$ cat structure.txt   # compact mmCIF, C-alpha atoms
# COMPACT_ATOMS: atom_id res chain seq x y z
CA MET A 173 157.16 59.74 112.98
CA VAL A 174 156.55 61.35 116.36
CA LYS A 175 159.35 61.20 118.93
CA ASN A 176 158.00 63.13 121.91
CA ASP A 177 155.21 62.05 124.25
CA GLN A 178 153.63 65.52 124.58
CA THR A 179 153.32 65.97 120.82
CA ALA A 180 151.97 62.41 120.54
CA GLN A 181 149.36 63.21 123.18
CA ASN A 182 148.42 66.42 121.34
CA LEU A 183 148.07 64.51 118.07
CA ARG A 184 145.76 62.00 119.76
CA SER A 185 143.70 64.80 121.27
CA ALA A 186 143.43 66.60 117.93
CA TYR A 187 142.52 63.31 116.24
CA ALA A 188 139.72 62.80 118.78
CA GLY A 189 138.43 66.35 118.38
CA GLU A 190 138.42 66.21 114.58
CA SER A 191 136.77 62.78 114.61
CA MET A 192 134.00 64.08 116.85
CA ALA A 193 133.61 67.19 114.68
CA TYR A 194 133.13 64.92 111.66
CA GLN A 195 130.31 63.05 113.40
CA ARG A 196 128.68 66.24 114.74
CA TYR A 197 128.72 67.92 111.35
CA ILE A 198 127.13 64.92 109.67
CA ALA A 199 124.31 64.93 112.26
CA TRP A 200 123.92 68.71 112.16
CA GLY A 201 123.82 68.61 108.36
CA GLU A 202 120.93 66.15 108.49
CA LYS A 203 119.10 68.51 110.86
CA ALA A 204 119.71 71.46 108.51
CA LYS A 205 118.30 69.43 105.63
CA GLU A 206 115.22 68.53 107.71
CA GLU A 207 114.68 72.23 108.41
CA GLY A 208 114.92 73.12 104.70
CA PHE A 209 118.44 74.56 104.70
CA GLU A 210 119.84 72.42 101.86
CA ASN A 211 122.94 74.54 101.32
CA VAL A 212 123.77 74.69 105.03
CA ALA A 213 123.43 70.90 105.03
CA LEU A 214 125.86 70.75 102.11
CA LEU A 215 128.28 73.02 103.97
CA PHE A 216 128.15 70.78 107.06
CA LYS A 217 128.74 67.69 104.89
CA ALA A 218 131.71 69.20 103.07
CA ILE A 219 133.34 70.58 106.20
CA ALA A 220 132.81 67.19 107.87
CA ASN A 221 135.03 65.81 105.11
CA ALA A 222 137.69 68.43 105.89
CA GLU A 223 137.61 67.37 109.53
CA GLN A 224 138.04 63.77 108.40
CA VAL A 225 141.11 64.84 106.38
CA HIS A 226 142.52 66.56 109.48
CA ALA A 227 141.93 63.50 111.67
CA GLY A 228 143.69 61.32 109.10
CA ASN A 229 146.66 63.68 108.99
CA HIS A 230 146.96 63.63 112.78
CA PHE A 231 146.67 59.82 112.82
CA ARG A 232 149.40 59.41 110.19
CA ALA A 233 151.72 61.87 111.99
CA HIS A 234 151.32 59.64 115.06
CA GLU A 235 152.28 56.55 113.03
CA ASN A 236 154.92 54.94 115.22
CA LYS A 237 153.17 55.26 118.58
CA ASP A 238 150.95 52.23 118.85
CA GLY A 239 149.01 50.75 121.71
CA GLY A 240 145.86 51.55 123.60
CA PHE A 241 145.36 55.09 124.80
CA LEU A 242 142.65 56.88 126.72
CA VAL A 243 142.17 59.91 124.49
CA ALA A 244 140.55 63.12 125.65
CA GLY A 245 139.24 65.43 122.96
CA GLY A 246 137.25 68.60 123.27
CA GLY A 247 133.97 68.88 121.46
CA GLU A 248 130.71 70.76 121.36
CA PHE A 249 127.66 68.70 122.26
CA GLY A 250 123.98 69.28 121.62
CA TYR A 251 121.49 68.67 118.88
CA GLY A 252 119.26 71.68 118.49
CA SER A 253 117.92 73.79 115.68
CA THR A 254 120.20 74.60 112.75
CA SER A 255 120.88 78.02 114.26
CA GLU A 256 121.82 76.45 117.60
CA ASN A 257 123.98 73.84 115.88
CA LEU A 258 125.80 76.59 113.99
CA VAL A 259 126.56 78.26 117.33
CA GLY A 260 128.18 74.99 118.40
CA ALA A 261 130.09 74.70 115.13
CA ILE A 262 131.40 78.27 115.44
CA ALA A 263 132.42 77.72 119.07
CA GLY A 264 134.26 74.52 118.18
CA GLU A 265 136.12 76.08 115.28
CA GLU A 266 137.03 79.18 117.30
CA GLY A 267 138.34 77.02 120.15
CA GLU A 268 140.64 75.25 117.72
CA ILE A 269 141.75 78.55 116.16
CA GLU A 270 142.32 80.49 119.38
CA GLN A 271 143.50 77.78 121.77
CA MET A 272 144.13 74.26 120.60
CA TYR A 273 146.11 74.51 117.38
CA PRO A 274 148.30 77.46 118.38
CA ALA A 275 149.31 75.64 121.59
CA TYR A 276 149.80 72.27 119.92
CA SER A 277 151.83 73.90 117.14
CA LEU A 278 154.15 75.66 119.62
CA VAL A 279 154.85 72.39 121.43
CA ALA A 280 155.45 70.49 118.19
CA LYS A 281 157.80 73.21 116.89
CA GLU A 282 159.71 73.29 120.17
CA GLN A 283 160.06 69.50 120.04
CA GLY A 284 161.13 69.47 116.38
CA GLU A 285 158.14 67.40 115.27
CA SER A 286 157.81 68.45 111.61
CA ASP A 287 154.98 66.06 110.69
CA ALA A 288 152.88 67.28 113.61
CA VAL A 289 153.71 70.92 112.85
CA ARG A 290 152.48 70.43 109.27
CA SER A 291 149.34 68.57 110.35
CA PHE A 292 148.43 71.24 112.92
CA HIS A 293 149.15 74.02 110.40
CA TYR A 294 146.88 72.45 107.77
CA SER A 295 144.08 72.17 110.31
CA LEU A 296 144.45 75.69 111.67
CA GLU A 297 144.32 77.22 108.19
CA ALA A 298 141.12 75.35 107.31
CA GLU A 299 139.41 75.99 110.65
CA GLN A 300 139.68 79.74 110.08
CA ILE A 301 137.73 79.34 106.85
CA HIS A 302 135.21 77.03 108.51
CA ALA A 303 134.48 79.51 111.29
CA LYS A 304 133.90 82.28 108.74
CA LEU A 305 131.58 80.10 106.65
CA TYR A 306 129.60 79.00 109.69
CA ARG A 307 129.21 82.62 110.85
CA GLU A 308 127.87 83.57 107.41
CA ALA A 309 125.52 80.58 107.41
CA LYS A 310 124.19 81.53 110.85
CA GLU A 311 123.44 85.08 109.71
CA HIS A 312 121.31 83.69 106.89
CA VAL A 313 119.61 80.99 108.95
CA ASP A 314 118.67 83.53 111.62
CA LYS A 315 116.82 85.46 108.88
CA GLY A 316 115.09 82.25 107.78
CA GLU A 317 117.21 82.05 104.62
CA ASP A 318 119.52 79.42 103.25
CA ILE A 319 123.04 80.42 102.26
CA GLU A 320 123.83 80.80 98.58
CA LEU A 321 126.32 78.36 97.15
CA GLU A 322 126.55 75.87 94.32
CA TYR A 323 129.24 73.57 95.67
CA VAL A 324 132.04 73.27 98.20
CA SER A 325 135.51 71.89 97.41
CA ILE A 326 137.80 70.29 99.98
CA CYS A 327 141.51 69.57 99.49
CA GLN A 328 141.99 65.92 100.36
CA VAL A 329 145.56 66.56 101.51
CA CYS A 330 145.10 69.47 103.95
CA GLY A 331 141.36 70.17 104.25
CA HIS A 332 141.48 73.62 102.64
CA THR A 333 137.88 74.63 101.94
CA VAL A 334 136.60 76.67 98.98
CA VAL A 335 133.03 77.67 98.13
CA ASP A 336 132.07 77.69 94.43
CA GLY A 337 135.56 77.18 93.08
CA VAL A 338 138.69 75.09 92.94
CA PRO A 339 142.10 76.75 92.88
CA GLU A 340 144.68 75.55 90.35
CA LYS A 341 146.96 74.88 93.29
CA CYS A 342 146.00 74.61 96.95
CA PRO A 343 147.19 77.77 98.73
CA VAL A 344 147.93 75.82 101.92
CA CYS A 345 149.66 72.59 100.87
CA GLY A 346 150.50 73.36 97.23
CA GLU A 347 148.75 70.30 95.79
CA PRO A 348 147.07 70.56 92.36
CA SER A 349 143.33 71.04 91.83
CA SER A 350 142.96 67.30 91.17
CA LYS A 351 143.37 66.76 94.93
CA PHE A 352 140.12 68.62 95.66
CA ARG A 353 136.85 66.77 96.25
CA LYS A 354 133.74 68.63 95.11
CA PHE A 355 130.55 68.44 97.18
CA THR A 356 127.28 69.25 95.43
CA LYS A 357 123.59 68.83 96.24
$ encode --input "structure.txt" --output "structure tokens"
Amino acid sequence: MVKNDQTAQNLRSAYAGESMAYQRYIAWGEKAKEEGFENVALLFKAIANAEQVHAGNHFRAHENKDGGFLVAGGGEFGYGSTSENLVGAIAGEEGEIEQMYPAYSLVAKEQGESDAVRSFHYSLEAEQIHAKLYREAKEHVDKGEDIELEYVSICQVCGHTVVDGVPEKCPVCGEPSSKFRKFTK
């Protein structure tokens, strides 16, 4: 339950941003598949699910603030080549890592909003992994190669993302491996 208007506004903004990221990554994954980058497409699809998990966490942390709101959310726009789309994905993730989530977390901590603090923490941890994976994918795509992976696993509680594995226990939220969803081709 959120008590403070600024944290509520930040949760709505984060919800909007993560919701848009979900939609972008689905579209960009389809483009990667069209261009023959099946594994990059799989990566986009899996990370889209992580963004969906984040949006759901932000929405639930906002549970008691109902009504209509005009919600601003930052997001990368454009539908280019897979390489160009990866530039957008990297920029979006880095913006969340360097600006959005650190600021939102500080406000939520200062206001004693534990649900929001947890939700922002889960997202920040996953976004760092996403940025790294997208950078690696871009390096390969720019050489005309697909990335090498068999599957991607996403924790359905916090969005933690793992390539070609599932931990016994999520290192971010502590949930068991049964809470991970596996994405394969």
$ residues_near_point --input "structure.txt" --point "(137.4, 72.1, 101.4)" --cutoff "8 Å" --atoms "all atoms listed in the file" --output "PyMOL selection string"
chain A and resi 218-219+221-222+298+324-328+331-335+352-353
$ atom_distance --input "structure.txt" --atom1 "atom CA of Glu317 of chain A" --atom2 "atom CA of Glu266 of chain A"
23.7 Å
$ closest_residue --input "structure.txt" --among "A:Ser255, A:Thr356, A:Ser277, A:Gln271" --to "Trp200 of chain A" --atoms "only C-alpha atoms"
A:Ser255
$ closest_residue --input "structure.txt" --among "A:Ile301, A:Val212, A:Val174, A:Ala204" --to "Tyr323 of chain A" --atoms "all atoms listed in the file"
A:Val212
$ residues_around --input "structure.txt" --residues "segment 304-313 of chain A" --least-positions-apart "3" --cutoff "8 Å" --atoms "all atoms listed in the file" --output "PyMOL selection string"
chain A and resi 209+212+254-255+258-259+261-262+300-301+316-319
$ atom_distance --input "structure.txt" --atom1 "atom CA of Ala220 of chain A" --atom2 "atom CA of Val243 of chain A"
20.4 Å
$ atom_distance --input "structure.txt" --atom1 "atom CA of Tyr251 of chain A" --atom2 "atom CA of Ala227 of chain A"
22.3 Å
$ closest_residue --input "structure.txt" --among "A:Ser191, A:Ser286, A:Ser291, A:Asn211" --to "Met173 of chain A" --atoms "all atoms listed in the file"
A:Ser286
$ residues_near_point --input "structure.txt" --point "(150.6, 72.5, 110.7)" --cutoff "10 Å" --atoms "all atoms listed in the file" --output "PyMOL selection string"
chain A and resi 229-230+273-274+276-277+280-281+286-297+330+344-345
$ residues_around --input "structure.txt" --residues "Arg196 of chain A" --least-positions-apart "3" --cutoff "10 Å" --atoms "all atoms listed in the file" --output "list of chain:residue names"
A:Glu190, A:Ser191, A:Met192, A:Ala193, A:Ala199, A:Trp200, A:Gly201, A:Glu202, A:Phe216, A:Lys217, A:Ala220, A:Gly247, A:Glu248, A:Phe249, A:Gly250, A:Tyr251, A:Asn257, A:Gly260, A:Ala261
